[in-house]
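S.K.: For reference, this is start19.txt, and it has compact mmCIF, C-alpha atoms.
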# COMPACT_ATOMS: atom_id res chain seq x y z
CA MET A 1 9.48 -20.12 21.53
CA HIS A 2 5.96 -19.48 22.74
CA LEU A 3 3.60 -16.79 21.51
CA ASP A 4 2.15 -14.34 23.99
CA HIS A 5 -1.00 -15.64 25.60
CA PRO A 6 -4.16 -14.06 24.12
CA VAL A 7 -5.31 -13.10 27.63
CA ASN A 8 -2.11 -11.25 28.52
CA MET A 9 -1.70 -9.79 25.05
CA PRO A 10 -5.16 -8.84 23.79
CA HIS A 11 -5.68 -8.23 20.10
CA ARG A 12 -4.77 -4.72 19.20
CA HIS A 13 -6.42 -2.56 16.58
CA THR A 14 -3.12 -1.34 15.29
CA HIS A 15 -4.49 -1.42 11.77
CA SER A 16 -6.26 1.81 12.74
CA ALA A 17 -9.87 1.09 11.81
CA GLU A 18 -10.51 2.25 15.38
CA PRO A 19 -12.78 5.30 15.11
CA LEU A 20 -12.03 6.86 18.49
CA GLN A 21 -8.94 8.91 19.16
CA GLY A 22 -7.14 9.27 22.48
CA ASP A 23 -9.28 12.21 23.59
CA GLY A 24 -12.52 10.33 22.92
CA SER A 25 -13.36 12.28 19.79
CA ARG A 26 -13.88 10.53 16.47
CA ARG A 27 -11.13 10.63 13.89
CA ALA A 28 -11.77 12.01 10.41
CA LEU A 29 -14.33 10.26 8.23
CA ARG A 30 -12.59 8.30 5.49
CA ILE A 31 -14.38 8.07 2.16
CA GLY A 32 -13.03 6.11 -0.82
CA LEU A 33 -13.73 6.99 -4.42
CA GLY A 34 -13.39 4.25 -7.01
CA GLY A 35 -14.49 3.60 -10.53
CA PRO A 36 -13.20 3.12 -14.06
CA VAL A 37 -10.61 5.33 -15.70
CA GLY A 38 -12.01 8.61 -16.93
CA SER A 39 -15.36 8.39 -15.13
CA GLY A 40 -14.71 11.59 -13.22
CA LYS A 41 -13.25 10.52 -9.88
CA THR A 42 -10.68 13.30 -9.77
CA ALA A 43 -13.24 15.84 -10.95
CA THR A 44 -15.57 14.61 -8.20
CA VAL A 45 -12.83 14.95 -5.59
CA ALA A 46 -11.98 18.46 -6.82
CA ALA A 47 -15.63 19.55 -6.88
CA LEU A 48 -16.25 18.14 -3.40
CA CYS A 49 -13.23 19.95 -2.01
CA ARG A 50 -14.34 23.26 -3.54
CA ALA A 51 -17.88 22.81 -2.23
CA LEU A 52 -16.93 21.76 1.31
CA ARG A 53 -13.51 23.25 2.11
CA ASP A 54 -14.93 26.36 3.78
CA GLU A 55 -16.92 24.31 6.29
CA LEU A 56 -14.75 21.22 6.64
CA SER A 57 -11.05 20.43 7.09
CA ILE A 58 -10.34 18.06 4.19
CA ALA A 59 -7.35 16.05 2.98
CA VAL A 60 -6.92 13.86 -0.09
CA VAL A 61 -4.91 10.71 -0.81
CA THR A 62 -4.69 9.87 -4.49
CA ASN A 63 -3.61 6.57 -6.07
CA ASP A 64 -3.36 7.62 -9.69
CA ILE A 65 -1.22 5.00 -11.37
CA TYR A 66 1.21 7.61 -12.53
CA THR A 67 1.52 9.03 -9.04
CA ARG A 68 1.83 12.75 -9.49
CA GLU A 69 -0.74 13.32 -12.26
CA ASP A 70 -3.96 13.53 -10.24
CA ALA A 71 -2.26 15.15 -7.28
CA GLU A 72 -0.92 17.83 -9.58
CA PHE A 73 -4.34 18.33 -11.15
CA LEU A 74 -5.75 19.04 -7.70
CA LEU A 75 -2.88 21.40 -6.95
CA ARG A 76 -3.16 23.20 -10.28
CA GLU A 77 -6.85 23.71 -9.72
CA ALA A 78 -5.93 25.12 -6.28
CA VAL A 79 -8.51 22.84 -4.78
CA LEU A 80 -6.50 22.28 -1.62
CA PRO A 81 -3.06 23.45 -0.44
CA PRO A 82 -0.21 21.00 -1.16
CA GLU A 83 0.17 19.82 2.43
CA ARG A 84 -3.36 18.41 2.27
CA ILE A 85 -2.76 16.15 -0.75
CA THR A 86 -0.67 12.98 -0.77
CA ALA A 87 0.08 10.74 -3.76
CA VAL A 88 0.66 7.02 -3.19
CA GLU A 89 2.23 4.57 -5.66
CA THR A 90 0.45 1.26 -6.21
CA GLY A 91 2.99 -0.74 -8.22
CA ALA A 92 0.64 -1.09 -11.21
CA CYS A 93 -1.96 -2.77 -8.99
CA PRO A 94 -4.55 -0.11 -8.10
CA HIS A 95 -7.04 -2.62 -6.69
CA THR A 96 -4.44 -4.23 -4.43
CA ALA A 97 -3.58 -0.91 -2.83
CA ILE A 98 -7.17 -0.20 -1.75
CA ARG A 99 -8.26 -3.72 -0.93
CA ASP A 100 -5.73 -6.53 -0.40
CA ASP A 101 -2.78 -4.59 0.99
CA ILE A 102 -3.84 -1.21 2.31
CA SER A 103 -0.57 -0.44 4.19
CA ALA A 104 0.69 2.40 2.04
CA ASN A 105 -2.70 4.14 1.84
CA LEU A 106 -3.33 3.69 5.55
CA GLU A 107 0.00 5.26 6.37
CA ALA A 108 -0.69 8.20 4.09
CA VAL A 109 -4.10 8.76 5.72
CA GLU A 110 -2.65 8.56 9.22
CA GLN A 111 0.18 10.92 8.39
CA LEU A 112 -2.31 13.49 7.13
CA GLU A 113 -4.44 13.06 10.24
CA GLU A 114 -1.37 13.54 12.42
CA THR A 115 0.06 16.60 10.71
CA LEU A 116 -3.27 18.35 10.04
CA ARG A 117 -4.91 18.47 13.41
CA ALA A 118 -8.70 18.16 13.60
CA LEU A 119 -9.31 16.81 10.13
CA ASP A 120 -12.98 16.25 9.34
CA LEU A 121 -12.76 14.30 6.13
CA VAL A 122 -10.19 12.30 4.17
CA LEU A 123 -10.96 11.41 0.56
CA ILE A 124 -9.06 8.47 -0.89
CA GLU A 125 -9.14 8.30 -4.67
CA SER A 126 -8.21 4.97 -6.21
CA GLY A 127 -6.42 4.61 -9.52
CA GLY A 128 -8.84 3.89 -12.35
CA ASP A 129 -9.71 0.22 -12.46
CA ASN A 130 -12.42 -2.12 -13.66
CA LEU A 131 -15.83 -2.78 -12.14
CA THR A 132 -14.53 -5.29 -9.58
CA ALA A 133 -12.33 -2.93 -7.57
CA THR A 134 -13.72 -1.97 -4.17
CA PHE A 135 -12.20 -0.47 -1.03
CA SER A 136 -11.36 -2.43 2.09
CA ARG A 137 -13.38 -1.57 5.19
CA GLY A 138 -10.05 -1.39 6.99
CA LEU A 139 -9.17 1.65 4.92
CA VAL A 140 -12.44 3.56 4.43
CA ASP A 141 -15.68 4.10 6.34
CA ALA A 142 -17.75 4.54 3.20
CA GLN A 143 -17.15 4.30 -0.52
CA VAL A 144 -18.35 6.06 -3.63
CA PHE A 145 -18.25 4.38 -7.03
CA VAL A 146 -18.14 6.74 -9.99
CA ILE A 147 -19.16 5.69 -13.50
CA ASP A 148 -20.11 7.88 -16.44
CA VAL A 149 -22.82 7.67 -19.08
CA ALA A 150 -20.33 7.78 -21.95
CA SER A 151 -18.94 4.39 -20.96
CA GLY A 152 -22.21 2.74 -21.85
CA ASP A 153 -25.70 2.79 -20.32
CA ASP A 154 -25.48 -0.96 -19.72
CA ILE A 155 -22.88 -0.61 -16.99
CA PRO A 156 -25.38 -0.58 -14.11
CA ARG A 157 -27.02 -3.67 -15.54
CA LYS A 158 -23.65 -5.45 -15.69
CA GLY A 159 -23.27 -4.89 -11.98
CA GLY A 160 -20.13 -5.97 -10.20
CA PRO A 161 -19.12 -5.27 -6.60
CA GLY A 162 -18.45 -1.57 -7.24
CA ILE A 163 -21.92 -0.95 -8.67
CA THR A 164 -23.83 -3.11 -6.21
CA THR A 165 -22.09 -2.50 -2.88
CA ALA A 166 -20.80 1.07 -2.98
CA ASP A 167 -22.44 3.28 -0.37
CA LEU A 168 -23.09 5.83 -3.10
CA LEU A 169 -23.14 5.22 -6.84
CA VAL A 170 -22.45 8.30 -8.93
CA VAL A 171 -23.45 8.35 -12.59
CA ASN A 172 -21.53 11.26 -14.02
CA LYS A 173 -21.55 13.28 -17.26
CA THR A 174 -25.33 13.15 -17.67
CA ASP A 175 -25.00 16.09 -20.07
CA LEU A 176 -23.39 13.71 -22.58
CA ALA A 177 -26.27 11.21 -22.56
CA PRO A 178 -27.93 12.47 -25.78
CA TYR A 179 -24.61 12.39 -27.65
CA VAL A 180 -23.75 8.82 -26.74
CA GLY A 181 -27.20 7.31 -26.92
CA ALA A 182 -27.41 6.66 -23.20
CA ASP A 183 -30.86 6.24 -21.68
CA LEU A 184 -30.78 7.72 -18.19
CA ASP A 185 -34.09 6.13 -17.17
CA THR A 186 -32.74 2.70 -18.07
CA MET A 187 -29.60 3.38 -16.07
CA ALA A 188 -31.67 4.54 -13.09
CA SER A 189 -33.91 1.48 -13.04
CA ASP A 190 -31.01 -0.90 -13.64
CA ALA A 191 -29.13 0.73 -10.78
CA ARG A 192 -32.15 0.43 -8.50
CA ARG A 193 -32.46 -3.26 -9.36
CA GLN A 194 -28.78 -3.80 -8.52
CA ARG A 195 -28.71 -1.64 -5.40
CA GLY A 196 -32.16 -1.75 -3.84
CA ASP A 197 -32.42 1.21 -1.50
CA LEU A 198 -28.75 2.20 -1.70
CA PRO A 199 -28.43 5.75 -3.08
CA VAL A 200 -27.59 6.71 -6.65
CA ALA A 201 -26.67 10.24 -7.74
CA PHE A 202 -26.84 11.42 -11.35
CA THR A 203 -24.40 14.28 -11.82
CA SER A 204 -23.06 16.63 -14.41
CA LEU A 205 -20.01 18.21 -12.85
CA THR A 206 -19.68 20.74 -15.65
CA GLN A 207 -22.86 22.45 -14.45
CA THR A 208 -22.96 24.94 -11.60
CA ASP A 209 -23.20 23.15 -8.27
CA GLY A 210 -23.32 19.85 -10.17
CA ILE A 211 -21.67 18.23 -7.16
CA ARG A 212 -24.53 19.11 -4.80
CA PRO A 213 -26.06 15.58 -4.52
CA VAL A 214 -22.67 14.11 -3.63
CA ALA A 215 -21.80 16.94 -1.24
CA ASP A 216 -25.14 16.48 0.53
CA TRP A 217 -24.52 12.77 0.84
CA VAL A 218 -21.04 13.39 2.31
CA ASN A 219 -22.47 15.83 4.85
CA GLY A 220 -25.10 13.27 5.80
CA ARG A 221 -22.47 10.56 6.31
CA LEU A 222 -20.31 12.95 8.32
CA ALA A 223 -23.19 13.89 10.62
CA ALA A 224 -23.96 10.22 11.21
CA TRP A 225 -20.26 9.46 11.75
CA ARG A 226 -19.94 12.14 14.40
CA THR A 227 -22.86 10.87 16.41
CA GLY A 228 -21.54 7.35 16.12
CA ALA A 229 -24.73 6.32 14.39
CA VAL A 230 -22.73 4.45 11.75
CA ALA A 231 -20.37 1.77 13.17
CA MET B 1 10.38 -29.28 10.30
CA PRO B 2 9.20 -26.25 8.32
CA CYS B 3 6.64 -24.10 10.07
CA ALA B 4 3.38 -22.95 8.45
CA ALA B 5 3.90 -19.55 10.06
CA LEU B 6 6.79 -19.11 7.62
CA LEU B 7 4.36 -19.53 4.73
CA VAL B 8 2.04 -16.90 6.17
CA LEU B 9 4.92 -14.45 6.64
CA ALA B 10 6.68 -15.07 3.35
CA ASP B 11 3.50 -15.08 1.28
CA GLY B 12 3.61 -12.33 -1.33
CA ARG B 13 0.13 -11.44 -0.18
CA PHE B 14 1.20 -10.65 3.39
CA PRO B 15 -0.12 -7.09 3.58
CA ALA B 16 3.08 -5.15 4.33
CA GLY B 17 3.08 -2.85 1.35
CA GLY B 18 5.71 -4.75 -0.64
CA HIS B 19 3.63 -4.95 -3.81
CA ALA B 20 4.27 -1.26 -4.51
CA HIS B 21 8.06 -1.68 -4.51
CA SER B 22 10.09 -3.13 -7.36
CA GLY B 23 13.47 -3.50 -5.64
CA GLY B 24 15.12 -1.44 -8.36
CA VAL B 25 13.49 -3.25 -11.28
CA GLU B 26 11.54 -0.24 -12.49
CA ALA B 27 14.78 1.73 -12.83
CA ALA B 28 16.49 -1.26 -14.44
CA VAL B 29 13.70 -1.62 -17.00
CA ALA B 30 13.92 2.07 -17.86
CA SER B 31 17.65 1.81 -18.45
CA GLY B 32 17.32 -1.39 -20.45
CA ALA B 33 19.24 -3.49 -17.97
CA VAL B 34 16.19 -5.71 -17.49
CA ARG B 35 14.27 -6.40 -20.68
CA ASP B 36 13.49 -10.13 -20.73
CA THR B 37 13.60 -13.22 -18.55
CA VAL B 38 17.33 -13.80 -19.09
CA SER B 39 18.27 -10.30 -17.97
CA LEU B 40 15.75 -10.51 -15.14
CA GLU B 41 17.43 -13.67 -13.90
CA ALA B 42 20.81 -11.96 -13.95
CA PHE B 43 19.34 -9.00 -12.07
CA CYS B 44 17.74 -11.22 -9.45
CA ARG B 45 20.85 -13.32 -8.98
CA GLY B 46 22.90 -10.16 -8.50
CA ARG B 47 20.39 -8.72 -6.05
CA LEU B 48 20.15 -11.94 -4.08
CA HIS B 49 23.88 -12.13 -3.44
CA THR B 50 24.25 -8.45 -2.50
CA ALA B 51 21.19 -6.68 -1.10
CA GLY B 52 19.58 -10.05 -0.36
CA LEU B 53 22.53 -11.39 1.57
CA THR B 54 22.92 -8.17 3.53
CA ALA B 55 19.23 -8.17 4.40
CA ALA B 56 19.24 -11.84 5.34
CA GLY B 57 22.13 -11.29 7.73
CA LEU B 58 20.26 -8.55 9.55
CA THR B 59 17.09 -10.65 9.58
CA ALA B 60 18.85 -13.70 10.99
CA ALA B 61 20.46 -11.62 13.72
CA ALA B 62 17.14 -10.04 14.68
CA ALA B 63 15.42 -13.41 14.66
CA ASP B 64 18.16 -14.67 16.96
CA GLY B 65 17.17 -12.07 19.54
CA HIS B 66 19.88 -9.43 19.06
CA ASP B 67 18.94 -5.84 19.87
CA PRO B 68 16.90 -4.53 16.91
CA LEU B 69 17.95 -0.94 17.60
CA VAL B 70 21.61 -1.87 17.26
CA LEU B 71 20.79 -3.82 14.10
CA ASP B 72 18.87 -0.83 12.76
CA GLU B 73 22.06 1.23 12.99
CA ALA B 74 23.99 -1.55 11.30
CA ALA B 75 21.38 -1.52 8.53
CA ASP B 76 21.83 2.24 8.16
CA ALA B 77 25.55 1.77 7.74
CA ARG B 78 24.86 -0.75 4.98
CA THR B 79 22.41 1.53 3.14
CA PRO B 80 24.38 4.53 1.87
CA MET B 81 21.53 6.11 -0.12
CA PRO B 82 19.05 8.28 1.81
CA ALA B 83 16.16 7.35 -0.48
CA LEU B 84 16.70 3.66 0.16
CA ARG B 85 16.98 4.19 3.92
CA LYS B 86 13.64 5.97 3.80
CA VAL B 87 12.11 3.11 1.80
CA ALA B 88 13.52 0.51 4.17
CA ARG B 89 12.03 2.29 7.18
CA ARG B 90 8.66 2.73 5.49
CA LEU B 91 8.51 -0.97 4.63
CA GLY B 92 9.62 -1.71 8.18
CA ARG B 93 6.76 0.34 9.63
CA GLN B 94 4.28 -1.33 7.32
CA MET B 95 5.50 -4.81 8.18
CA LEU B 96 5.36 -4.01 11.87
CA ARG B 97 1.75 -2.88 11.60
CA ALA B 98 0.67 -6.13 9.94
CA ALA B 99 2.74 -8.22 12.33
CA ARG B 100 1.34 -6.60 15.47
CA VAL B 101 -2.10 -7.78 14.43
CA THR B 102 -0.98 -11.19 13.16
CA TRP B 103 1.40 -12.22 15.96
CA PRO B 104 0.81 -9.90 18.92
CA SER B 105 3.89 -9.80 21.12
CA ALA B 106 5.55 -7.55 23.69
CA ASP B 107 8.69 -7.34 21.50
CA LEU B 108 6.73 -5.94 18.57
CA GLU B 109 4.92 -3.45 20.80
CA ARG B 110 8.24 -2.32 22.23
CA LEU B 111 9.72 -1.83 18.76
CA ALA B 112 6.72 0.23 17.69
CA ARG B 113 7.06 2.37 20.80
CA ASP B 114 10.84 2.80 20.65
CA ARG B 115 11.01 3.66 16.96
CA PRO B 116 7.79 5.24 15.66
CA GLN B 117 9.72 6.49 12.64
CA GLY B 118 10.36 2.88 11.69
CA VAL B 119 13.18 0.36 11.70
CA HIS B 120 14.79 -1.14 8.58
CA GLN B 121 12.51 -3.78 7.11
CA PRO B 122 14.98 -6.72 7.28
CA VAL B 123 15.40 -6.12 11.00
CA VAL B 124 11.65 -5.94 11.53
CA LEU B 125 11.26 -9.14 9.52
CA GLY B 126 13.60 -10.87 11.93
CA VAL B 127 11.79 -9.61 15.03
CA VAL B 128 8.47 -10.64 13.50
CA ALA B 129 9.79 -14.09 12.60
CA ARG B 130 10.88 -14.53 16.20
CA ALA B 131 7.43 -13.45 17.44
CA ALA B 132 5.90 -16.00 15.06
CA GLY B 133 8.02 -18.78 16.54
CA LEU B 134 10.33 -19.14 13.53
CA THR B 135 14.05 -19.93 13.59
CA PRO B 136 16.77 -17.56 12.37
CA LEU B 137 17.26 -19.84 9.36
CA GLU B 138 13.59 -19.67 8.43
CA ALA B 139 13.65 -15.91 8.87
CA ALA B 140 16.73 -15.65 6.65
CA GLN B 141 15.02 -17.80 4.01
CA ALA B 142 12.09 -15.39 4.00
CA ALA B 143 14.47 -12.46 3.59
CA ALA B 144 16.38 -14.14 0.76
CA PHE B 145 13.17 -15.07 -1.07
CA GLU B 146 11.76 -11.57 -0.64
CA SER B 147 14.86 -9.99 -2.13
CA VAL B 148 14.03 -11.55 -5.51
CA GLY B 149 10.33 -12.47 -5.34
CA GLY B 150 9.12 -8.89 -5.30
CA PRO B 151 11.42 -7.76 -8.12
CA ALA B 152 10.40 -10.71 -10.29
CA SER B 153 6.70 -9.93 -9.99
CA ALA B 154 7.38 -6.24 -10.62
CA ALA B 155 9.14 -7.19 -13.86
CA VAL B 156 6.11 -9.26 -14.90
CA ARG B 157 3.89 -6.22 -14.44
CA LEU B 158 6.22 -3.79 -16.13
CA LEU B 159 7.23 -5.92 -19.12
CA GLY B 160 4.38 -8.38 -19.48
CA LEU B 161 6.91 -11.19 -19.08
CA ASP B 162 5.48 -14.69 -19.15
CA PRO B 163 4.65 -15.36 -15.49
CA PHE B 164 5.51 -19.04 -15.93
CA ASP B 165 9.02 -18.08 -17.05
CA ALA B 166 9.37 -15.63 -14.18
CA THR B 167 8.33 -18.25 -11.65
CA ALA B 168 10.64 -20.84 -13.18
CA LEU B 169 13.43 -18.33 -12.67
CA LEU B 170 12.59 -18.19 -8.97
CA GLY B 171 12.55 -21.99 -8.89
CA ARG B 172 16.05 -22.05 -10.36
CA LEU B 173 17.27 -19.52 -7.84
CA ALA B 174 15.84 -21.39 -4.86
CA PRO B 175 19.04 -23.34 -4.07
CA GLU B 176 20.99 -20.07 -4.08
CA MET B 177 18.38 -18.55 -1.77
CA ASP B 178 19.12 -21.43 0.60
CA ASP B 179 22.86 -20.77 0.30
CA VAL B 180 22.35 -17.10 1.10
CA ALA B 181 20.14 -17.95 4.08
CA ASP B 182 22.73 -20.43 5.40
CA ALA B 183 25.53 -17.88 5.03
CA ALA B 184 23.42 -15.25 6.78
CA VAL B 185 22.75 -17.51 9.74
CA THR B 186 26.43 -18.39 10.00
CA THR B 187 27.46 -14.72 10.21
CA ALA B 188 24.66 -13.93 12.66
CA GLY B 189 26.05 -16.68 14.85
CA ARG B 190 29.31 -14.71 15.12
CA LEU B 191 27.60 -11.53 16.35
CA THR B 192 28.09 -12.12 20.04
CA ASP B 193 31.87 -12.51 19.61
CA LEU B 194 32.61 -10.11 16.78
CA GLY B 195 29.82 -7.50 16.93
CA VAL B 196 27.68 -6.30 14.02
CA ASP B 197 30.71 -6.04 11.75
CA ALA B 198 30.38 -9.81 11.37
CA LEU B 199 27.19 -9.27 9.38
CA PRO B 200 27.36 -9.15 5.57
CA ALA B 201 27.72 -5.73 3.97
CA ALA B 202 27.67 -6.72 0.30
CA SER B 203 26.78 -3.71 -1.76
CA ALA B 204 25.27 -3.29 -5.21
CA PRO B 205 26.38 0.15 -6.43
CA LEU B 206 23.99 0.26 -9.37
CA LEU B 207 21.02 -0.50 -7.12
CA ASP B 208 22.14 2.30 -4.82
CA LEU B 209 22.60 4.85 -7.59
CA THR B 210 19.44 4.02 -9.52
CA GLY B 211 17.50 3.79 -6.27
CA GLU B 212 18.31 7.39 -5.45
CA GLN B 213 17.57 8.54 -9.01
CA HIS B 214 14.27 6.64 -9.13
CA ALA B 215 13.10 8.43 -5.99
CA ALA B 216 13.29 11.69 -7.90
CA TRP B 217 11.22 10.53 -10.91
CA THR B 218 7.98 12.46 -11.25
CA VAL B 219 6.25 9.64 -13.07
CA ARG B 220 6.58 6.12 -11.72
CA LEU B 221 4.45 3.10 -10.96
CA PHE B 222 6.44 1.78 -8.02
CA ALA B 223 7.48 3.52 -4.83
CA SER B 224 11.03 2.15 -5.16
Show me the file's structure as structure tokens.
M.R.:
Amino acid sequence: MHLDHPVNMPHRHTHSAEPLQGDGSRRALRIGLGGPVGSGKTATVAALCRALRDELSIAVVTNDIYTREDAEFLLREAVLPPERITAVETGACPHTAIRDDISANLEAVEQLEETLRALDLVLIESGGDNLTATFSRGLVDAQVFVIDVASGDDIPRKGGPGITTADLLVVNKTDLAPYVGADLDTMASDARRQRGDLPVAFTSLTQTDGIRPVADWVNGRLAAWRTGAVA
Amino acid sequence: MPCAALLVLADGRFPAGGHAHSGGVEAAVASGAVRDTVSLEAFCRGRLHTAGLTAAGLTAAAADGHDPLVLDEAADARTPMPALRKVARRLGRQMLRAARVTWPSADLERLARDRPQGVHQPVVLGVVARAAGLTPLEAAQAAAFESVGGPASAAVRLLGLDPFDATALLGRLAPEMDDVADAAVTTAGRLTDLGVDALPAASAPLLDLTGEQHAAWTVRLFAS
């Protein structure tokens, strides 16, 4: 039994990282959101949706380890209509589902893109995990890593792939810093040392328009994506 | 002579979405049917000789070159619960995606085109094995192993079972996996003369019932 010759059967991008659709337009931008449990990923997703849903067509895939919880939070908050939110089970392995075996998430993203024509943006929220969990480039075009000040101001110094390689690092709950003894300047300089020129956003989502830095970053990535400036 | 392609395909890390499925273990843990290594072994043995055998038969037939669309219908007939048919097709789609990149072939492209909604995973496994240059026996071995390997690792995650004990369990079951694979190949060999009815249709009623119930849980770790 011979395998098809590589010349006659060229490699196919069936894994769907291919950015161009049949009509030549770019598919939706896929952004992953990762970070430890309780850092504010779901709150970030909800705030982004509220801030951008009037200008952009958005859908969300959530990997909360208890499946319906985060999806229901988004529904309860009426952030997006139900047909725009999909929950995906990860079999108690949240990092596997976004990195080593992205099948289920990829299918969920593609199904949303197919049923909701002309999607601009898909947000994929991972289940809370430790600092080593990052998204596969086969699943997302860019990734945001969300940590919060209450988890310790030494987290940026500790580093890890999430802190160092995420396209955007979000340090959330800055309003709590005085209560937990977190030094924001230390966190900022530690983050800069770990990330060089890669952006860091300090947020307090409980404040009005607290999501603005992240929303601006998303808009910037989307503009670049549409012009094909980012591969 | 065993083929390395079999190791690539049967590897638990082959990215076909299987890690999110427990093969009924999550439901069994909730009901108390699986609570330790001894009960896990009983569960796996039972699954191997029912769902595993049925799957292996379909896989062997597909690997032997029989029409996957006909086998897909035969798989439907052997999967009475709608929830489990849906799961089987989803896993089939996911396996096909990974396989089209790993072992590009006209057969896999045709299957993707003919059935975008997906074909039962055991059938896809057989078509993929064939594309990878494997024999029906090797394909059936992969199916048999899969029928218990996934559930065992799900039980480790759900119960914190000693992974050494869980793996030893799989080691003990290996000869029975071989038996199931052999039986599957034998029945697949009768397909041409007797039709798909020659394929095993061993059922596990509790897996069927709990599978349908599990699909309706609002809180669960595994997709099935």
S.K.: Identify, on the basis of all atoms listed in the file, every residue whose closest approach to region 25-35 of chain B does not exceed 9 Å; exclude the query and any residue fewer than 5 positions from it along the same chain; express the result as a PyMOL selection string.
M.R.: chain B and resi 40-43+151-152+154-155+158-159+161+207+210-211+213-214+220-222+224
S.K.: Any idea what's packed within 8 Å of Ala61 (chain B), counting all atoms listed in the file, ignoring anything in its chain fewer than 6 positions away? Could you give it as a count of residues only?
M.R.: 8
S.K.: Which one is closest to chain B: A:Leu75, A:Leu52, A:Val171, A:Ala108? Count only C-alpha atoms.
M.R.: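 The shortest atom-to-atom distance to chain B comes from A:Ala108.
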S.K.: Provide the CA of Pro156 (chain A) to CA of Asp209 (chain A) distance in Å, to one decimal place.
M.R.: 24.5 Å
S.K.: Define the interface residues of chain B facing chain A as those within 7 Å, counting all atoms listed in the file, and report them as an MDAnalysis selection string.
M.R.: chainID B and resid 15:17 19:21 94 97 100:101 104:105 131:133 157 218:223
S.K.: Would you mind telling me which residue in A:Glu18, A:Asp141, A:Glu110, A:Asp153 lies nearest to Ala177 (chain A) when using only C-alpha atoms?
M.R.: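 Closest residue, counting only C-alpha atoms: A:Asp153.
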S.K.: One decimal, in Å: what's the spacing between CA of Thr54 (chain B) and CA of Ala166 (chain B)?
M.R.: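 One can read the CA of Thr54 (chain B) to CA of Ala166 (chain B) distance as 23.5 Å.
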S.K.: Would you compute the distance between CA of Val127 (chain B) and CA of Pro19 (chain A)? Give it in Å to one decimal.
M.R.: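 Those two atoms sit 28.7 Å apart.
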S.K.: Hey, which of B:Ala56, B:Val156, B:Leu199, B:Leu96 ends up closest to Thr187 (chain B)? Count all atoms listed in the file.
M.R.: B:Leu199
S.K.: Would you mind listing what lies within 12 Å of Ala51 (chain B) as JSON, numbers by chain, with all atoms listed in the file counted and same-chain residues fewer than 6 positions away left out?
M.R.: {"B": [23, 24, 43, 44, 45, 57, 58, 75, 78, 79, 84, 88, 122, 143, 144, 145, 146, 147, 148, 180, 184, 200, 201, 202, 203, 204, 205, 206, 207, 208]}
S.K.: For those residues, write C-alpha atoms to a file as a compact mmCIF listing (two decimals), in the coordinates of the input.
M.R.:
# COMPACT_ATOMS: atom_id res chain seq x y z
CA GLY B 23 13.47 -3.50 -5.64
CA GLY B 24 15.12 -1.44 -8.36
CA PHE B 43 19.34 -9.00 -12.07
CA CYS B 44 17.74 -11.22 -9.45
CA ARG B 45 20.85 -13.32 -8.98
CA GLY B 57 22.13 -11.29 7.73
CA LEU B 58 20.26 -8.55 9.55
CA ALA B 75 21.38 -1.52 8.53
CA ARG B 78 24.86 -0.75 4.98
CA THR B 79 22.41 1.53 3.14
CA LEU B 84 16.70 3.66 0.16
CA ALA B 88 13.52 0.51 4.17
CA PRO B 122 14.98 -6.72 7.28
CA ALA B 143 14.47 -12.46 3.59
CA ALA B 144 16.38 -14.14 0.76
CA PHE B 145 13.17 -15.07 -1.07
CA GLU B 146 11.76 -11.57 -0.64
CA SER B 147 14.86 -9.99 -2.13
CA VAL B 148 14.03 -11.55 -5.51
CA VAL B 180 22.35 -17.10 1.10
CA ALA B 184 23.42 -15.25 6.78
CA PRO B 200 27.36 -9.15 5.57
CA ALA B 201 27.72 -5.73 3.97
CA ALA B 202 27.67 -6.72 0.30
CA SER B 203 26.78 -3.71 -1.76
CA ALA B 204 25.27 -3.29 -5.21
CA PRO B 205 26.38 0.15 -6.43
CA LEU B 206 23.99 0.26 -9.37
CA LEU B 207 21.02 -0.50 -7.12
CA ASP B 208 22.14 2.30 -4.82
S.K.: Excluding Arg93 (chain B) and any residue of its chain fewer than 4 positions from it, enumerate the residues within 9 Å of it, using all atoms listed in the file, and give them as a VMD selection string.
M.R.: (chain A and resid 107) or (chain B and resid 16 88 to 89 97 to 98 112 116 to 121 124)
S.K.: Between A:Pro36, A:Asp185, A:Arg226, A:Thr174, which residue has the minimum interatomic distance to Ala133 (chain A), considering all atoms listed in the file?
M.R.: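 Of A:Pro36, A:Asp185, A:Arg226, A:Thr174, the one nearest Ala133 (chain A) is A:Pro36, counting all atoms listed in the file.
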S.K.: What would the list of residues within 7 Å of (16.7, -18.9, 8.5) (file frame) look like as number ranges by chain, if all atoms listed in the file are what count?
M.R.: B: 60, 135-141, 181-182, 185
S.K.: Could those selected residues go to a file with C-alpha atoms, as a short mmCIF file (atom, residue, chain, number, x, y, z; two decimals), in the coordinates of the input?
M.R.:
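Below is the file out.cif, written as the result:
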data_model
loop_
_atom_site.label_atom_id
_atom_site.label_comp_id
_atom_site.auth_asym_id
_atom_site.auth_seq_id
_atom_site.Cartn_x
_atom_site.Cartn_y
_atom_site.Cartn_z
CA ALA B 60 18.85 -13.70 10.99
CA THR B 135 14.05 -19.93 13.59
CA PRO B 136 16.77 -17.56 12.37
CA LEU B 137 17.26 -19.84 9.36
CA GLU B 138 13.59 -19.67 8.43
CA ALA B 139 13.65 -15.91 8.87
CA ALA B 140 16.73 -15.65 6.65
CA GLN B 141 15.02 -17.80 4.01
CA ALA B 181 20.14 -17.95 4.08
CA ASP B 182 22.73 -20.43 5.40
CA VAL B 185 22.75 -17.51 9.74
#
